[in-house]
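Report on one structure; see the data block that follows.
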There are 2 protein chains.
Amino acid sequence: MTDVNTMPGHLIRRYHQASVAIFHARVAELGYDLTPVQYAALAKIEAQPGIDQVTLAGLIAYDRTTIGGVVDRLVQKTYLVREVSATDRRARVLKLTELGVTTLHRLAPAVEEAQQTMLSGLEPGEQAEFVRLLQKATAGVNQMSRAPLKETD
Amino acid sequence: MTDVNTMPGHLIRRYHQASVAIFHARVAELGYDLTPVQYAALAKIEAQPGIDQVTLAGLIAYDRTTIGGVVDRLVQKTYLVREVSATDRRARVLKLTELGVTTLHRLAPAVEEAQQTMLSGLEPGEQAEFVRLLQKATAGVNQMSRAPLKETD
DNA sequence: ACAATATAGTCAGTATGCTGATCATCAGTA
DNA sequence: TACTGATGATCAGCATACTGACTATATTGT
């Protein structure tokens with residue numbers, strides 16, 4: 001009898017679910033309403049101002065269709081500015097606003113705490129090993145996703 | 001500089017993404033179009049015929065709102081029958097159809113293979129340890145999800 | 001220069017998940 | 001019995017993700 005609750009795929013789904021809930025709770029405590037995906041996008045755009053949407057998607061392993069909506073919402077919240085690229089009129093260039101930068105820095109500690117909370121079921125000694133294996137396992141299946149990571153970072 | 005690509009939350013999102021893609025690919029090879037969530041629901045209903053939606057949701061850690069739509073689609077595909085409970089007119093009782101049972105059994109090997117593929121980035125020795133840690137970590141954050149697992153199984 | 005191809009982005013449609021509200025029904029109690 | 005609260009299910013609305021198709025613009029090859 002193969003119980004779904006012992007299958008990696010099902011465990012991953014549940015863990016992801018909880019991880020999003022934890023992130024949301026921490027961020028809400030500070031009075032913000034940013035999703036993990038939105039946060040990751042902001043963080044990457046800060047690191048590489050002027051990045052276009054497809055490159056951004058590659059750097060954080062998003063689907064290029066999804067990124068459009070994410071950027072829309074961030075622009076709407078005035079964390080971002082999206083402009084047509086001067087060198088390629090197909091491309092949209094992304095930059096953080098001042099509010100975007102402030103928000104990102106203000107949320108950083110809460111995001112770090114959320115990561116710790118996600119690992120709180122493990123012994124301190126197990127946590128590092130788990131993250132190592134998670135990185136390795138994720139790297140192993142990277143190409144099987146529609147939105148693989150492309151680290152030209 | 002804390003890169004999101006080293007954060008557990010971000011890794012688990014990516015891993016989940018790939019895991020769904022792998023599942024979908026394997027199932028599509030057999031000519032089916034079932035999602036991981038739909039498969040898990042079918043598997044649990046087979047194990048407990050006549051289960052109601054809330055109990056089902058608890059057993060596989062779904063949100064009770066989500067389960068409605070999942071069941072809708074499974075009913076539409078004629079894998080399931082949903083009837084008003086004889087003992088509690090609020091509740092909907094779920095049972096597999098013959099097609100549902102056949103499909104479930106036909107997909108089982110592909111689902112097993114998908115689980116193996118998800119772990120393929122790890123050494124054989126690491127896989128068991130990873131699954132153990134994943135189970136432990138997931139159990140540790142179970143209560144922080146809106147849809148915690150309730151195993152009265 | 002022109003045709004073929006590739007790329008950036010969007011749109012429509014579908015499936016999970018969530019929040020918060022509502023409705024119907026059930027169970028316990030005054 | 002009538003009231004109160006709890007519970008099963010649904011609905012509206014939003015945010016990720018996916019598929020597949022489409023437009024506009026660049027690039028490449030002849």
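In the structure tokens, chains take letters A, B, ... by order of appearance, with residues numbered from 1 within each chain and ligands from 1 in the order shown.
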
Check your understanding: Quick one: residues within 12 Å of DC3 (chain D), only C-alpha atoms (C1' of nucleotides) counted, chain neighbours fewer than 5 positions away excluded, as an NGL selection string?
Key -> :C and (28-30)

Let me see the file: selected residues, N, CA and C atoms (P, O5', C5', C4', C3', O3' and C1' of nucleotides), as a short mmCIF file (atom, residue, chain, number, x, y, z; two decimals), in the first residue's frame.
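Writing done, so here's selection-v2.cif:
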```
data_model
loop_
_atom_site.label_atom_id
_atom_site.label_comp_id
_atom_site.auth_asym_id
_atom_site.auth_seq_id
_atom_site.Cartn_x
_atom_site.Cartn_y
_atom_site.Cartn_z
P DG C 28 -24.26 16.31 20.24
"O5'" DG C 28 -24.37 17.58 21.19
"C5'" DG C 28 -23.39 18.60 21.11
"C4'" DG C 28 -23.80 19.79 21.95
"C3'" DG C 28 -24.36 19.40 23.33
"O3'" DG C 28 -23.83 20.30 24.31
"C1'" DG C 28 -25.97 20.68 22.13
P DT C 29 -24.23 20.06 25.88
"O5'" DT C 29 -25.21 21.28 26.12
"C5'" DT C 29 -24.84 22.57 25.61
"C4'" DT C 29 -25.96 23.56 25.87
"C3'" DT C 29 -26.65 23.39 27.23
"O3'" DT C 29 -26.87 24.67 27.80
"C1'" DT C 29 -28.26 23.36 25.52
P DA C 30 -27.20 24.80 29.37
"O5'" DA C 30 -28.36 25.90 29.40
"C5'" DA C 30 -28.22 27.08 28.60
"C4'" DA C 30 -29.59 27.64 28.28
"C3'" DA C 30 -30.52 27.80 29.49
"O3'" DA C 30 -31.26 28.99 29.35
"C1'" DA C 30 -31.51 26.33 27.94
#
```

Point to revise | Shell around region 27-32 of chain A at 9 Å using only C-alpha atoms (C1' of nucleotides), local window under 4 positions removed, as a ChimeraX atom specification | key: /A:22-23,103,106-107,110-111,114

Which residues of chain A come within 8 Å of chain D, and what is each one's closest atom pair and distance in Å (one decimal), counting only C-alpha atoms (C1' of nucleotides), sorted by chain and residue number, as JSON lines?
```
{"residue": "A:Asp63", "atom": "CA", "partner": "D:DA17", "partner_atom": "C1'", "distance": 7.5}
{"residue": "A:Thr66", "atom": "CA", "partner": "D:DA17", "partner_atom": "C1'", "distance": 6.7}
{"residue": "A:Asp88", "atom": "CA", "partner": "D:DT25", "partner_atom": "C1'", "distance": 7.8}
{"residue": "A:Arg89", "atom": "CA", "partner": "D:DT25", "partner_atom": "C1'", "distance": 6.6}
{"residue": "A:Arg90", "atom": "CA", "partner": "D:DT25", "partner_atom": "C1'", "distance": 5.6}
```

Keeping C-alpha atoms, export the residues of the selection given above as a compact mmCIF listing (two decimals), in the first residue's frame.
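Contents of result-v4.txt, freshly written:
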```
# COMPACT_ATOMS: atom_id res chain seq x y z
CA ASP A 63 7.85 30.86 -16.33
CA THR A 66 3.96 34.10 -14.98
CA ASP A 88 15.56 46.43 -27.92
CA ARG A 89 12.02 47.60 -28.31
CA ARG A 90 10.65 44.13 -27.60
```

Practice item. Work out how far CA of Lys77 (chain A) is from CA of Thr6 (chain B), in Å to one decimal. Key: 26.6 Å

Within 7 Å of chain A, which residues of chain B show up? Give each one with its shortest atom-to-atom distance in Å (one decimal) and the two atoms involved, counting only C-alpha atoms, rows by chain then rising residue number, as a tab-separated table.
```
residue	atom	partner	partner_atom	distance
B:Val4	CA	A:Ala40	CA	6.3
B:Met7	CA	A:Gln115	CA	6.7
B:Pro8	CA	A:Gln115	CA	6.2
B:Gly9	CA	A:Ser19	CA	5.9
B:Leu11	CA	A:Gln135	CA	6.7
B:Ile12	CA	A:His16	CA	5.9
B:Arg13	CA	A:His16	CA	6.1
B:Arg14	CA	A:Thr138	CA	6.9
B:Tyr15	CA	A:Thr138	CA	5.1
B:His16	CA	A:Ile12	CA	5.8
B:Gln17	CA	A:Ser145	CA	6.5
B:Ala18	CA	A:Ser145	CA	4.5
B:Ser19	CA	A:Gly9	CA	6.0
B:Ala21	CA	A:Ser145	CA	5.7
B:Ile22	CA	A:Met144	CA	6.5
B:Ala40	CA	A:Val4	CA	6.2
B:Ala61	CA	A:Arg14	CA	7.0
B:Gln115	CA	A:Pro8	CA	6.1
B:Met118	CA	A:Val141	CA	6.5
B:Leu119	CA	A:Ala137	CA	6.1
B:Ser120	CA	A:Gly140	CA	6.5
B:Gly121	CA	A:Gly140	CA	3.9
B:Leu122	CA	A:Ala137	CA	5.8
B:Phe130	CA	A:Leu133	CA	6.4
B:Val131	CA	A:Pro8	CA	6.5
B:Leu133	CA	A:Phe130	CA	6.3
B:Leu134	CA	A:Leu11	CA	7.0
B:Gln135	CA	A:Leu11	CA	6.7
B:Lys136	CA	A:Gly121	CA	6.2
B:Ala137	CA	A:Gly121	CA	4.8
B:Thr138	CA	A:Tyr15	CA	5.2
B:Ala139	CA	A:Gly121	CA	6.9
B:Gly140	CA	A:Gly121	CA	3.9
B:Val141	CA	A:Ala18	CA	6.2
B:Asn142	CA	A:Ala18	CA	6.7
B:Met144	CA	A:Ala18	CA	5.9
B:Ser145	CA	A:Ala18	CA	4.5
```

Go ahead and write the selection's residues with C-alpha atoms as a compact mmCIF listing (two decimals), in the first residue's frame.
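Below is the file that was written, again.txt:
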```txt
# COMPACT_ATOMS: atom_id res chain seq x y z
CA VAL B 4 17.16 33.74 -2.90
CA MET B 7 16.83 29.97 0.63
CA PRO B 8 14.80 26.88 1.54
CA GLY B 9 11.54 28.60 0.63
CA LEU B 11 14.32 26.01 -3.37
CA ILE B 12 11.17 24.22 -2.35
CA ARG B 13 9.13 26.31 -4.77
CA ARG B 14 11.45 25.37 -7.61
CA TYR B 15 11.56 21.75 -6.58
CA HIS B 16 7.78 21.64 -6.38
CA GLN B 17 7.56 23.17 -9.84
CA ALA B 18 9.83 20.51 -11.31
CA SER B 19 8.07 17.77 -9.39
CA ALA B 21 6.28 18.83 -14.39
CA ILE B 22 7.82 15.37 -13.94
CA ALA B 40 -3.72 11.83 -4.45
CA ALA B 61 -3.64 18.30 3.55
CA GLN B 115 8.99 9.81 -7.47
CA MET B 118 12.37 13.59 -8.58
CA LEU B 119 15.19 12.16 -6.46
CA SER B 120 17.49 11.43 -9.39
CA GLY B 121 19.85 14.30 -8.58
CA LEU B 122 20.87 12.57 -5.35
CA PHE B 130 16.55 13.32 2.13
CA VAL B 131 13.08 11.80 2.22
CA LEU B 133 14.40 14.89 6.52
CA LEU B 134 11.68 16.09 4.18
CA GLN B 135 9.09 14.15 6.15
CA LYS B 136 10.40 15.48 9.43
CA ALA B 137 10.58 19.07 8.21
CA THR B 138 7.09 18.86 6.74
CA ALA B 139 5.70 17.43 9.96
CA GLY B 140 7.35 20.26 11.85
CA VAL B 141 5.55 22.96 9.88
CA ASN B 142 2.29 21.08 9.42
CA MET B 144 1.44 26.48 10.10
CA SER B 145 -0.44 25.68 6.92
```

Review point. Which one is closest to chain A: C:DG13, C:DA6, C:DA24, C:DC18? Count only C-alpha atoms (C1' of nucleotides).
Key: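 The answer is C:DC18, which sits nearest to chain A.
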
Point to revise | Distance query region 85-87 of chain A at most 12 Å, only C-alpha atoms (C1' of nucleotides), self and fewer than 4 positions along chain excluded, as a PyMOL selection string | key: (chain A and resi 50-53+81+91-95) or (chain C and resi 8) or (chain D and resi 25-26)

Those residues you just picked out, can you put them in a file as a compact mmCIF listing (two decimals), in the first residue's frame with C-alpha atoms (C1' of nucleotides)?
```txt
# COMPACT_ATOMS: atom_id res chain seq x y z
CA GLY A 50 17.63 47.33 -15.76
CA ILE A 51 17.18 43.60 -16.20
CA ASP A 52 14.54 42.51 -18.71
CA GLN A 53 11.68 40.14 -17.91
CA VAL A 81 9.07 50.77 -12.92
CA ALA A 91 12.16 44.09 -24.14
CA ARG A 92 10.86 45.72 -20.95
CA VAL A 93 13.48 47.01 -18.56
CA LEU A 94 12.82 46.77 -14.81
CA LYS A 95 14.03 49.01 -12.00
C1' DA C 8 10.40 39.39 -25.78
C1' DT D 25 10.75 43.24 -33.10
C1' DA D 26 15.67 41.41 -33.83
```

Counting only C-alpha atoms (C1' of nucleotides), which residues of chain C fall within 10 Å of chain A, and what is the closest atom pair for each with its distance in Å at one decimal, ordered by chain and rising number, as a Markdown table?
```
| residue | atom | partner | partner_atom | distance |
| --- | --- | --- | --- | --- |
| C:DT7 | C1' | A:Arg90 | CA | 8.5 |
| C:DA8 | C1' | A:Arg90 | CA | 5.1 |
| C:DG9 | C1' | A:Arg90 | CA | 7.0 |
| C:DT10 | C1' | A:Thr65 | CA | 8.0 |
| C:DC11 | C1' | A:Thr65 | CA | 9.7 |
| C:DG17 | C1' | A:Gln17 | CA | 8.0 |
| C:DC18 | C1' | A:Ala21 | CA | 9.0 |
```

**Study point:** helix (DSSP H, G or I) per DSSP on the backbone: members of region 1-73 of chain B, as a ChimeraX atom specification
**Key:** /B:4-6,8-29,36-47,53-60,64-73

Residues flagged strand (DSSP E or B) by DSSP in region 2-145 of chain A, as an mmCIF file with N, CA and C atoms, in the first residue's frame:
```cif
data_model
loop_
_atom_site.group_PDB
_atom_site.id
_atom_site.type_symbol
_atom_site.label_atom_id
_atom_site.label_comp_id
_atom_site.auth_asym_id
_atom_site.auth_seq_id
_atom_site.Cartn_x
_atom_site.Cartn_y
_atom_site.Cartn_z
ATOM 1 N N ILE A 51 17.344 44.952 -15.662
ATOM 2 C CA ILE A 51 17.176 43.604 -16.196
ATOM 3 C C ILE A 51 15.852 43.518 -16.971
ATOM 4 N N ASP A 52 15.822 42.686 -17.999
ATOM 5 C CA ASP A 52 14.543 42.510 -18.714
ATOM 6 C C ASP A 52 13.790 41.313 -18.143
ATOM 7 N N LEU A 80 8.095 49.002 -8.473
ATOM 8 C CA LEU A 80 8.852 48.796 -9.710
ATOM 9 C C LEU A 80 8.456 49.805 -10.762
ATOM 10 N N VAL A 81 9.402 50.052 -11.691
ATOM 11 C CA VAL A 81 9.073 50.767 -12.920
ATOM 12 C C VAL A 81 9.418 49.857 -14.091
ATOM 13 N N ARG A 82 8.525 49.800 -15.074
ATOM 14 C CA ARG A 82 8.772 48.990 -16.270
ATOM 15 C C ARG A 82 8.781 49.892 -17.488
ATOM 16 N N GLU A 83 9.883 49.876 -18.208
ATOM 17 C CA GLU A 83 10.001 50.740 -19.395
ATOM 18 C C GLU A 83 10.466 49.926 -20.596
ATOM 19 N N VAL A 84 10.107 50.416 -21.772
ATOM 20 C CA VAL A 84 10.590 49.776 -22.987
ATOM 21 C C VAL A 84 12.090 50.024 -23.095
ATOM 22 N N ARG A 92 11.268 44.779 -21.991
ATOM 23 C CA ARG A 92 10.859 45.718 -20.948
ATOM 24 C C ARG A 92 11.924 45.701 -19.867
ATOM 25 N N VAL A 93 12.393 46.875 -19.523
ATOM 26 C CA VAL A 93 13.477 47.008 -18.558
ATOM 27 C C VAL A 93 12.886 47.325 -17.178
ATOM 28 N N LEU A 94 13.398 46.653 -16.152
ATOM 29 C CA LEU A 94 12.816 46.766 -14.808
ATOM 30 C C LEU A 94 13.775 47.433 -13.829
ATOM 31 N N LYS A 95 13.228 48.349 -13.035
ATOM 32 C CA LYS A 95 14.029 49.010 -12.000
ATOM 33 C C LYS A 95 13.178 49.190 -10.750
ATOM 34 N N LEU A 96 13.805 49.089 -9.590
ATOM 35 C CA LEU A 96 13.092 49.339 -8.341
ATOM 36 C C LEU A 96 12.874 50.831 -8.156
#
```

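Here C1' of DG20 (chain C) and CA of Thr35 (chain A) stand 18.4 Å from one another.
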
Exercise for review: Could you jot down the CA of Arg73 (chain A) to CA of Thr102 (chain A) separation for me, Å, one decimal place?
Suggested key: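 CA of Arg73 (chain A) sits 17.3 Å away from CA of Thr102 (chain A).
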